[in-house]
Amino acid sequence: MQPTPAPAAPPTTDPVVEFIRAQRMNLGYGLTVLAFVFLVATVALAMKGSRLPASTTATTEKGKDKEKDDALSAMKGEVAEVIQPNRFDYVVGAFGAALGLLIVGVGGAYLLISLPKPTEAEQRREARVLLLALGGLLGMGLILVGVLYFWRWEESLVKWLDKSETKEAKYVLYPLLMIVAGGGLMFLAIQPARAEERNNRTIRQLVYGSNFGLTVLILFVVLVITNAVVAMRLPNKLDTTNSGFYTLNPQTKQFVETLEQPVHAYAIFQDSTPAVEDTKRLLSGAQDVNPGKFRVTFLSPALNRAEIAKLRTEYKSADMTRDGVLLVVGDENNEDRRRPSFIRADEFSDQTEDPQGRPVFVFNGEPRLLRELMFLADDKQKPKVYFTQSSGELSLTGGRTADRRRTATALKQYLEKNNYDVAPLSFDATGPAKVPDDASVVVVADPTSPLTPAGVQAITDFMTKPRDGNKKGKLIVLAGGSSRGADEKPLRTGLEPLLGTFGVQLSDRFMFATPSERAPQSDPDEGTRTFTVVVNPEAIQERNPVAISFARAQFPMLDCRELLPPPAPATGFRTVSLLASQPGAPTWSEPLYTAAPAKAWNDLNKQVEAIMAGPGAREDKVKRARELVAPKQINTDPRDLAMFVSEVPTARDVTPPARVVVFGCSEFVSDSAAGRVGRGQTTTIGLDLMTSTMRWLRDRPTVTGVQEKPYTTYTLKPGYDNTRLTIVPVALALLAVLGLGAGVWAIRRK
């Protein structure tokens, strides 16, 4: 007896396929309506794009709103790009809508015009093919439009990932979502057709072809996007040196990122020395930081003679007789705004001495390039800085017999190295009765006697009266804490009334530190006159650029003088305390000059101990001890030692003009401080602070801490075995070869 065969399983059906088979005409009408929607979108986007001007320059009616016109002119294409988007965005949208119109329209027309297949199996096969064709083509079109928009809005990717402008993220995510949606649509359209891939050769070819195309397209898109993201987030060079020799200083990066005008650097080098290669890396690194504003072109005197000859003819003011770097700042389309400068190749390296007096070769390309860029940003005009020299101030000229605490020749040289024009200013009988008109900043550096009435009046006029071009006076006062008058009290310079109008008052007491908190000194009295000065956190919260640049720095300063707010508040000025004594470090003061402050402090402690150990009630002894200590004004709170004064911002001021800076110390800019050695090299932190202060006063970007980088030679640590360095690698290589051979032999034997 034959067994009864099992009933055949019913054919698997897909709800979408069954819907297309059963609702053929309705689906055709629906696709026709969708095609009409695509038609409307195509026309609307095409008309919108055709109405936009090709130029991205926005114009306004003359005289209607001058401030708005000025703002638009200054911002140029950035504002215009928002007001009038580029027509290419609409062209891409119109292209995508037209593609959808074509695909959906053909599909709808096919369903409405063609006759249904005679059998259900053929109808299902037709539905699967139609779904595969419509879904695959629409998905491919969506991916194509997404790729076009991703390419069009590639700058948004840079702004989002590299500059952390989160508002630009949507212009990156929208194209990515379109690509993902298109890939998903293609994947879903393929699935119903897989039921026919074994029975129908045409469907099998379409499915396999669609799978292959989808895989290749998605792989290509993922690779492109991954490389773009990695390129934005990771550097194109890996610096493995301990000193970060090949990495740009953060201050240099910040300055290059904020360039207002484009810079084109032409690097012209014949030889390939280490300094030349490092210079090329430096320029390439600057270009990577801001490729939109800093551009580099490398030229060879042997291969690019015509280009170099053209540059020499065009920029005759630049002495291009040797190899070097030509910097051109300004708009290339406007010759009046183009400012050239040439840096010779030998200026990128130098030879100096280490603390032990041994010769050391250094690469100073980064500070040299930065100084030249700042100089060009100032229209190649060296700001004139005058140091008053008629009242015993720090001298700009020194000598072997001069007291290095009273000379500032290193500061003068440092400022001149940073493209400042430094000159003395005297107010004696033979000097001028006014500050010269070309003065950008006047510095009064720790006078040892009061300024003459003529000098006080000249500086007051410089700071309060209008000047040519509506320029405002800028003043730096260094008030050391050791200068005293005939009455043994702190010196009155004569500028106290002027400083009071700007919201700063000099203390009338000498300031000292307790011996337990003093900096290490051989002289205990000098230790009590030395303070550890730090940046005031309030100045960092105020976003003062000098405070931000030196946020983690500590300054050992000698002979400081406390700064106080004046009794009457200053009108129209804002005062910020930038430097203060270290919190928690006890400080004290005396109304008269004390030649031996350490002894005075120890005598005070002995008197307090004697009172507390003597007879009497404890409350009475504590009261007498407090009365004895009170005149010293002992305090563990920070004492203000540097005040930065700017005008109160108005509605038109993006950054209010800086006016006055007062330091309660001066030794940090003297030659004695400039010659100190720290961490194996001469420190210039005090000079950097002074230079940054001048740039802040002149409303320029603050750049600090960019120094030369010494060339070093790597040497193996003592105790290495030269034989092992040779034998071990050879033995490992032979072992690897033998292991691979044994593996191949074993596999072939099987």
# chains A, B, ... in the order shown; residues from 1 in each chain; ligands from 1

call {"tool": "residues_around", "arguments": {"residues": "range 561-576 of chain A", "least_positions_apart": "4", "cutoff": "6 Å", "atoms": "only C-alpha atoms", "output": "PyMOL selection string"}}
result
chain A and resi 481+500-507+511+640-641+643-648+664

call {"tool": "write_last_selection", "arguments": {"atoms": "N, CA and C atoms", "output": "PDB file, in the first residue's frame"}}
result
ATOM      1  N   GLY A 481      57.693  98.181  43.933  1.00  0.00           N
ATOM      2  CA  GLY A 481      57.421  98.344  45.355  1.00  0.00           C
ATOM      3  C   GLY A 481      58.618  98.694  46.194  1.00  0.00           C
ATOM      4  N   GLY A 500      43.696 107.461  38.858  1.00  0.00           N
ATOM      5  CA  GLY A 500      42.424 107.413  39.570  1.00  0.00           C
ATOM      6  C   GLY A 500      41.234 107.605  38.648  1.00  0.00           C
ATOM      7  N   THR A 501      41.384 108.458  37.624  1.00  0.00           N
ATOM      8  CA  THR A 501      40.277 108.652  36.686  1.00  0.00           C
ATOM      9  C   THR A 501      40.014 107.401  35.866  1.00  0.00           C
ATOM     10  N   PHE A 502      41.011 106.509  35.763  1.00  0.00           N
ATOM     11  CA  PHE A 502      40.830 105.254  35.034  1.00  0.00           C
ATOM     12  C   PHE A 502      40.497 104.086  35.967  1.00  0.00           C
ATOM     13  N   GLY A 503      40.335 104.355  37.258  1.00  0.00           N
ATOM     14  CA  GLY A 503      39.896 103.310  38.176  1.00  0.00           C
ATOM     15  C   GLY A 503      40.993 102.515  38.823  1.00  0.00           C
ATOM     16  N   VAL A 504      42.208 103.084  38.964  1.00  0.00           N
ATOM     17  CA  VAL A 504      43.329 102.373  39.584  1.00  0.00           C
ATOM     18  C   VAL A 504      43.983 103.283  40.608  1.00  0.00           C
ATOM     19  N   GLN A 505      44.292 102.734  41.777  1.00  0.00           N
ATOM     20  CA  GLN A 505      44.986 103.480  42.831  1.00  0.00           C
ATOM     21  C   GLN A 505      46.168 102.661  43.324  1.00  0.00           C
ATOM     22  N   LEU A 506      47.329 103.317  43.445  1.00  0.00           N
ATOM     23  CA  LEU A 506      48.520 102.669  43.977  1.00  0.00           C
ATOM     24  C   LEU A 506      48.484 102.693  45.497  1.00  0.00           C
ATOM     25  N   SER A 507      48.809 101.562  46.107  1.00  0.00           N
ATOM     26  CA  SER A 507      48.822 101.495  47.563  1.00  0.00           C
ATOM     27  C   SER A 507      49.915 102.399  48.136  1.00  0.00           C
ATOM     28  N   MET A 511      54.751  96.297  50.394  1.00  0.00           N
ATOM     29  CA  MET A 511      54.165  94.959  50.482  1.00  0.00           C
ATOM     30  C   MET A 511      55.264  93.915  50.635  1.00  0.00           C
ATOM     31  N   ASP A 640      45.721  92.388  44.512  1.00  0.00           N
ATOM     32  CA  ASP A 640      45.784  92.729  43.092  1.00  0.00           C
ATOM     33  C   ASP A 640      47.124  93.377  42.761  1.00  0.00           C
ATOM     34  N   LEU A 641      47.763  92.869  41.689  1.00  0.00           N
ATOM     35  CA  LEU A 641      49.081  93.356  41.304  1.00  0.00           C
ATOM     36  C   LEU A 641      49.149  93.801  39.847  1.00  0.00           C
ATOM     37  N   MET A 643      46.337  95.669  36.860  1.00  0.00           N
ATOM     38  CA  MET A 643      45.003  96.108  36.476  1.00  0.00           C
ATOM     39  C   MET A 643      44.989  96.443  34.980  1.00  0.00           C
ATOM     40  N   PHE A 644      44.006  95.904  34.276  1.00  0.00           N
ATOM     41  CA  PHE A 644      43.796  96.194  32.862  1.00  0.00           C
ATOM     42  C   PHE A 644      42.514  97.016  32.732  1.00  0.00           C
ATOM     43  N   VAL A 645      42.629  98.184  32.115  1.00  0.00           N
ATOM     44  CA  VAL A 645      41.511  99.121  32.042  1.00  0.00           C
ATOM     45  C   VAL A 645      41.119  99.317  30.582  1.00  0.00           C
ATOM     46  N   SER A 646      39.844  99.158  30.310  1.00  0.00           N
ATOM     47  CA  SER A 646      39.292  99.428  28.989  1.00  0.00           C
ATOM     48  C   SER A 646      38.059 100.305  29.144  1.00  0.00           C
ATOM     49  N   GLU A 647      37.632 100.871  28.059  1.00  0.00           N
ATOM     50  CA  GLU A 647      36.435 101.699  28.106  1.00  0.00           C
ATOM     51  C   GLU A 647      35.199 100.820  28.255  1.00  0.00           C
ATOM     52  N   VAL A 648      34.151 101.390  28.825  1.00  0.00           N
ATOM     53  CA  VAL A 648      32.893 100.659  28.956  1.00  0.00           C
ATOM     54  C   VAL A 648      32.343 100.404  27.557  1.00  0.00           C
ATOM     55  N   GLY A 664      51.870  96.445  39.453  1.00  0.00           N
ATOM     56  CA  GLY A 664      52.411  96.819  40.749  1.00  0.00           C
ATOM     57  C   GLY A 664      53.820  96.321  40.951  1.00  0.00           C
TER      58      GLY A 664
END

call {"tool": "residues_around", "arguments": {"residues": "Ser482 in chain A", "least_positions_apart": "5", "cutoff": "12 Å", "atoms": "only C-alpha atoms", "output": "ChimeraX atom specification"}}
result
/A:405-406,446-449,488-492,508-512,526,529-530,558-562,590,592-595,597,664-667

call {"tool": "residues_around", "arguments": {"residues": "Glu196 in chain A", "least_positions_apart": "3", "cutoff": "10 Å", "atoms": "only C-alpha atoms", "output": "list in words"}}
result
Arg124, Arg125, Arg128, Val129, Pro192, Ala193, Asn199, Asn200, Arg201, Thr202, Ile203, Arg204 and Val207 of chain A

call {"tool": "residues_around", "arguments": {"residues": "Lys632 in chain A", "least_positions_apart": "3", "cutoff": "12 Å", "atoms": "only C-alpha atoms", "output": "list in words"}}
result
Arg509, Phe510, Met511, Phe512, Ala513, Thr514, Pro586, Thr587, Trp588, Ser589, Glu590, Pro591, Leu592, Pro597, Ala600, Trp601, Leu604, Asn605, Ala625, Arg626, Glu627, Leu628, Val629 and Asn635 of chain A

call {"tool": "select_by_dssp", "arguments": {"residues": "range 423-636 of chain A", "states": "strand (DSSP E or B)", "output": "PyMOL selection string"}}
result
chain A and resi 423-425+439-445+475-478+484+490+505-506+510-513+530-535+554-558+563-564+573-581+587-590+635

call {"tool": "write_last_selection", "arguments": {"atoms": "C-alpha atoms", "output": "JSON list (two decimals), in the first residue's frame"}}
result
[["chain", "number", "residue", "atom", "x", "y", "z"],
["A", 423, "ALA", "CA", 62.40, 105.02, 21.65],
["A", 424, "PRO", "CA", 63.21, 106.99, 24.84],
["A", 425, "LEU", "CA", 61.07, 109.93, 25.93],
["A", 439, "ALA", "CA", 53.26, 107.34, 19.85],
["A", 440, "SER", "CA", 51.17, 104.15, 20.00],
["A", 441, "VAL", "CA", 51.98, 103.33, 23.64],
["A", 442, "VAL", "CA", 53.77, 105.23, 26.41],
["A", 443, "VAL", "CA", 55.50, 103.20, 29.14],
["A", 444, "VAL", "CA", 56.45, 104.62, 32.54],
["A", 445, "ALA", "CA", 58.75, 101.91, 33.92],
["A", 475, "LEU", "CA", 49.56, 103.89, 28.77],
["A", 476, "ILE", "CA", 51.51, 101.25, 30.72],
["A", 477, "VAL", "CA", 52.70, 102.06, 34.24],
["A", 478, "LEU", "CA", 55.17, 99.80, 36.07],
["A", 484, "ARG", "CA", 60.42, 105.51, 48.08],
["A", 490, "PRO", "CA", 56.15, 104.63, 48.73],
["A", 505, "GLN", "CA", 44.99, 103.48, 42.83],
["A", 506, "LEU", "CA", 48.52, 102.67, 43.98],
["A", 510, "PHE", "CA", 55.21, 98.56, 51.10],
["A", 511, "MET", "CA", 54.17, 94.96, 50.48],
["A", 512, "PHE", "CA", 56.01, 91.86, 51.79],
["A", 513, "ALA", "CA", 55.57, 88.09, 51.90],
["A", 530, "THR", "CA", 59.46, 88.01, 46.32],
["A", 531, "PHE", "CA", 55.92, 86.90, 45.51],
["A", 532, "THR", "CA", 54.42, 84.08, 43.48],
["A", 533, "VAL", "CA", 51.97, 85.86, 41.21],
["A", 534, "VAL", "CA", 49.19, 84.04, 39.35],
["A", 535, "VAL", "CA", 46.45, 84.99, 36.91],
["A", 554, "GLN", "CA", 53.26, 81.55, 37.69],
["A", 555, "PHE", "CA", 55.44, 84.64, 37.89],
["A", 556, "PRO", "CA", 58.08, 85.05, 40.62],
["A", 557, "MET", "CA", 58.04, 88.84, 41.07],
["A", 558, "LEU", "CA", 60.24, 90.97, 43.24],
["A", 563, "LEU", "CA", 46.79, 98.05, 43.45],
["A", 564, "LEU", "CA", 43.49, 99.25, 44.86],
["A", 573, "PHE", "CA", 35.96, 102.67, 32.28],
["A", 574, "ARG", "CA", 36.01, 98.99, 33.19],
["A", 575, "THR", "CA", 38.85, 97.68, 35.37],
["A", 576, "VAL", "CA", 39.85, 94.00, 35.50],
["A", 577, "SER", "CA", 42.40, 92.57, 37.93],
["A", 578, "LEU", "CA", 44.66, 90.33, 35.83],
["A", 579, "LEU", "CA", 47.44, 89.31, 38.25],
["A", 580, "ALA", "CA", 47.28, 88.74, 41.99],
["A", 581, "SER", "CA", 49.34, 87.20, 44.76],
["A", 587, "THR", "CA", 51.24, 88.84, 52.88],
["A", 588, "TRP", "CA", 51.75, 91.93, 55.05],
["A", 589, "SER", "CA", 52.65, 95.58, 54.58],
["A", 590, "GLU", "CA", 54.46, 98.51, 56.18],
["A", 635, "ASN", "CA", 46.14, 88.96, 54.78]]

call {"tool": "residues_around", "arguments": {"residues": "Pro583 in chain A", "least_positions_apart": "3", "cutoff": "8 Å", "atoms": "only C-alpha atoms", "output": "PDB file with C-alpha atoms, in the first residue's frame"}}
result
ATOM      1  CA  THR A 636      45.890  85.551  53.090  1.00  0.00           C
ATOM      2  CA  ASP A 637      43.534  86.796  50.376  1.00  0.00           C
ATOM      3  CA  PRO A 638      45.007  87.585  46.939  1.00  0.00           C
TER       4      PRO A 638
END

call {"tool": "select_by_dssp", "arguments": {"residues": "range 362-568 of chain A", "states": "alpha helix (DSSP H)", "output": "PyMOL selection string"}}
result
chain A and resi 365-377+409-417+453-464+496-501+524-528+537-541+545-549

call {"tool": "atom_distance", "arguments": {"atom1": "CA of Gly485 in chain A", "atom2": "CA of Tyr386 in chain A"}}
result
24.9 Å

call {"tool": "closest_residue", "arguments": {"among": "A:Val180, A:Ala598, A:Leu130, A:Ala547", "to": "Leu219 in chain A", "atoms": "only C-alpha atoms"}}
result
A:Val180

call {"tool": "closest_residue", "arguments": {"among": "A:Ala109, A:Val172, A:Val104, A:Leu214", "to": "Leu144 in chain A", "atoms": "only C-alpha atoms"}}
result
A:Leu214

call {"tool": "closest_residue", "arguments": {"among": "A:Gly107, A:Gly209, A:Gly49, A:Gly28", "to": "Tyr90 in chain A", "atoms": "only C-alpha atoms"}}
result
A:Gly49

call {"tool": "residues_around", "arguments": {"residues": "Glu18 in chain A", "least_positions_apart": "5", "cutoff": "12 Å", "atoms": "only C-alpha atoms", "output": "MDAnalysis selection string"}}
result
chainID A and resid 12:13 23:24 27 120:121 123:128 131 192

call {"tool": "atom_distance", "arguments": {"atom1": "CA of Thr42 in chain A", "atom2": "CA of Phe95 in chain A"}}
result
7.3 Å

call {"tool": "atom_distance", "arguments": {"atom1": "CA of Lys474 in chain A", "atom2": "CA of Arg552 in chain A"}}
result
27.0 Å

call {"tool": "closest_residue", "arguments": {"among": "A:Val33, A:Leu259, A:Leu373, A:Ile268", "to": "Asn419 in chain A", "atoms": "only C-alpha atoms"}}
result
A:Leu373

call {"tool": "residues_around", "arguments": {"residues": "Phe342 in chain A", "least_positions_apart": "2", "cutoff": "9 Å", "atoms": "only C-alpha atoms", "output": "list of chain:residue names"}}
result
A:Ala318, A:Asp319, A:Met320, A:Gly324, A:Val325, A:Leu326, A:Leu327, A:Val328, A:Pro340, A:Arg344, A:Glu372

call {"tool": "write_last_selection", "arguments": {"atoms": "C-alpha atoms", "output": "mmCIF file, in the first residue's frame"}}
result
data_model
loop_
_atom_site.group_PDB
_atom_site.id
_atom_site.type_symbol
_atom_site.label_atom_id
_atom_site.label_comp_id
_atom_site.auth_asym_id
_atom_site.auth_seq_id
_atom_site.Cartn_x
_atom_site.Cartn_y
_atom_site.Cartn_z
ATOM 1 C CA ALA A 318 60.641 92.441 -1.572
ATOM 2 C CA ASP A 319 64.358 91.640 -1.721
ATOM 3 C CA MET A 320 64.117 88.234 -3.434
ATOM 4 C CA GLY A 324 63.345 82.159 1.178
ATOM 5 C CA VAL A 325 59.614 82.652 1.647
ATOM 6 C CA LEU A 326 57.594 85.426 0.018
ATOM 7 C CA LEU A 327 54.461 86.345 1.970
ATOM 8 C CA VAL A 328 51.703 88.232 0.188
ATOM 9 C CA PRO A 340 54.548 91.575 0.284
ATOM 10 C CA ARG A 344 65.431 84.820 3.781
ATOM 11 C CA GLU A 372 56.111 88.620 10.014
#

call {"tool": "decode", "arguments": {"residues": "range 457-481 of chain A", "atoms": "N, CA and C atoms", "output": "PDB file, in the first residue's frame"}}
result
ATOM      1  N   GLN A 457      51.807 116.445  32.860  1.00  0.00           N
ATOM      2  CA  GLN A 457      50.833 117.124  32.008  1.00  0.00           C
ATOM      3  C   GLN A 457      50.838 116.553  30.592  1.00  0.00           C
ATOM      4  N   ALA A 458      52.037 116.228  30.066  1.00  0.00           N
ATOM      5  CA  ALA A 458      52.133 115.679  28.712  1.00  0.00           C
ATOM      6  C   ALA A 458      51.438 114.320  28.628  1.00  0.00           C
ATOM      7  N   ILE A 459      51.655 113.479  29.633  1.00  0.00           N
ATOM      8  CA  ILE A 459      51.009 112.158  29.621  1.00  0.00           C
ATOM      9  C   ILE A 459      49.505 112.296  29.826  1.00  0.00           C
ATOM     10  N   THR A 460      49.097 113.226  30.685  1.00  0.00           N
ATOM     11  CA  THR A 460      47.661 113.454  30.898  1.00  0.00           C
ATOM     12  C   THR A 460      46.991 113.920  29.608  1.00  0.00           C
ATOM     13  N   ASP A 461      47.622 114.845  28.889  1.00  0.00           N
ATOM     14  CA  ASP A 461      47.064 115.292  27.607  1.00  0.00           C
ATOM     15  C   ASP A 461      47.022 114.141  26.607  1.00  0.00           C
ATOM     16  N   PHE A 462      48.055 113.321  26.607  1.00  0.00           N
ATOM     17  CA  PHE A 462      48.113 112.176  25.693  1.00  0.00           C
ATOM     18  C   PHE A 462      46.963 111.207  25.942  1.00  0.00           C
ATOM     19  N   MET A 463      46.564 111.061  27.204  1.00  0.00           N
ATOM     20  CA  MET A 463      45.532 110.090  27.546  1.00  0.00           C
ATOM     21  C   MET A 463      44.115 110.665  27.523  1.00  0.00           C
ATOM     22  N   THR A 464      43.963 111.958  27.587  1.00  0.00           N
ATOM     23  CA  THR A 464      42.622 112.530  27.733  1.00  0.00           C
ATOM     24  C   THR A 464      42.179 113.387  26.561  1.00  0.00           C
ATOM     25  N   LYS A 465      43.103 113.985  25.835  1.00  0.00           N
ATOM     26  CA  LYS A 465      42.717 114.882  24.752  1.00  0.00           C
ATOM     27  C   LYS A 465      42.686 114.123  23.421  1.00  0.00           C
ATOM     28  N   PRO A 466      41.772 114.510  22.516  1.00  0.00           N
ATOM     29  CA  PRO A 466      41.699 113.834  21.211  1.00  0.00           C
ATOM     30  C   PRO A 466      42.963 114.065  20.400  1.00  0.00           C
ATOM     31  N   ARG A 467      43.337 113.064  19.614  1.00  0.00           N
ATOM     32  CA  ARG A 467      44.527 113.130  18.777  1.00  0.00           C
ATOM     33  C   ARG A 467      44.130 113.027  17.312  1.00  0.00           C
ATOM     34  N   ASP A 468      45.117 113.157  16.439  1.00  0.00           N
ATOM     35  CA  ASP A 468      44.862 113.071  15.007  1.00  0.00           C
ATOM     36  C   ASP A 468      44.273 111.705  14.662  1.00  0.00           C
ATOM     37  N   GLY A 469      43.225 111.708  13.830  1.00  0.00           N
ATOM     38  CA  GLY A 469      42.584 110.463  13.444  1.00  0.00           C
ATOM     39  C   GLY A 469      41.743 109.861  14.543  1.00  0.00           C
ATOM     40  N   ASN A 470      41.412 110.643  15.566  1.00  0.00           N
ATOM     41  CA  ASN A 470      40.601 110.173  16.695  1.00  0.00           C
ATOM     42  C   ASN A 470      41.268 109.005  17.424  1.00  0.00           C
ATOM     43  N   LYS A 471      42.615 108.969  17.389  1.00  0.00           N
ATOM     44  CA  LYS A 471      43.332 107.931  18.111  1.00  0.00           C
ATOM     45  C   LYS A 471      43.311 108.224  19.609  1.00  0.00           C
ATOM     46  N   LYS A 472      43.306 107.170  20.388  1.00  0.00           N
ATOM     47  CA  LYS A 472      43.262 107.300  21.838  1.00  0.00           C
ATOM     48  C   LYS A 472      44.590 106.857  22.435  1.00  0.00           C
ATOM     49  N   GLY A 473      45.011 107.565  23.474  1.00  0.00           N
ATOM     50  CA  GLY A 473      46.278 107.256  24.104  1.00  0.00           C
ATOM     51  C   GLY A 473      46.254 105.930  24.842  1.00  0.00           C
ATOM     52  N   LYS A 474      47.395 105.252  24.853  1.00  0.00           N
ATOM     53  CA  LYS A 474      47.570 103.972  25.537  1.00  0.00           C
ATOM     54  C   LYS A 474      48.740 104.112  26.502  1.00  0.00           C
ATOM     55  N   LEU A 475      48.556 103.659  27.726  1.00  0.00           N
ATOM     56  CA  LEU A 475      49.556 103.888  28.774  1.00  0.00           C
ATOM     57  C   LEU A 475      49.804 102.603  29.555  1.00  0.00           C
ATOM     58  N   ILE A 476      51.097 102.335  29.834  1.00  0.00           N
ATOM     59  CA  ILE A 476      51.513 101.248  30.722  1.00  0.00           C
ATOM     60  C   ILE A 476      52.342 101.861  31.837  1.00  0.00           C
ATOM     61  N   VAL A 477      51.979 101.572  33.071  1.00  0.00           N
ATOM     62  CA  VAL A 477      52.703 102.063  34.240  1.00  0.00           C
ATOM     63  C   VAL A 477      53.214 100.860  35.021  1.00  0.00           C
ATOM     64  N   LEU A 478      54.539 100.821  35.237  1.00  0.00           N
ATOM     65  CA  LEU A 478      55.168  99.802  36.065  1.00  0.00           C
ATOM     66  C   LEU A 478      55.596 100.477  37.359  1.00  0.00           C
ATOM     67  N   ALA A 479      54.874 100.171  38.428  1.00  0.00           N
ATOM     68  CA  ALA A 479      55.130 100.826  39.715  1.00  0.00           C
ATOM     69  C   ALA A 479      55.750  99.818  40.670  1.00  0.00           C
ATOM     70  N   GLY A 480      57.062  99.810  40.749  1.00  0.00           N
ATOM     71  CA  GLY A 480      57.744  98.881  41.638  1.00  0.00           C
ATOM     72  C   GLY A 480      57.503  99.196  43.105  1.00  0.00           C
ATOM     73  N   GLY A 481      57.693  98.181  43.933  1.00  0.00           N
ATOM     74  CA  GLY A 481      57.421  98.344  45.355  1.00  0.00           C
ATOM     75  C   GLY A 481      58.618  98.694  46.194  1.00  0.00           C
TER      76      GLY A 481
END
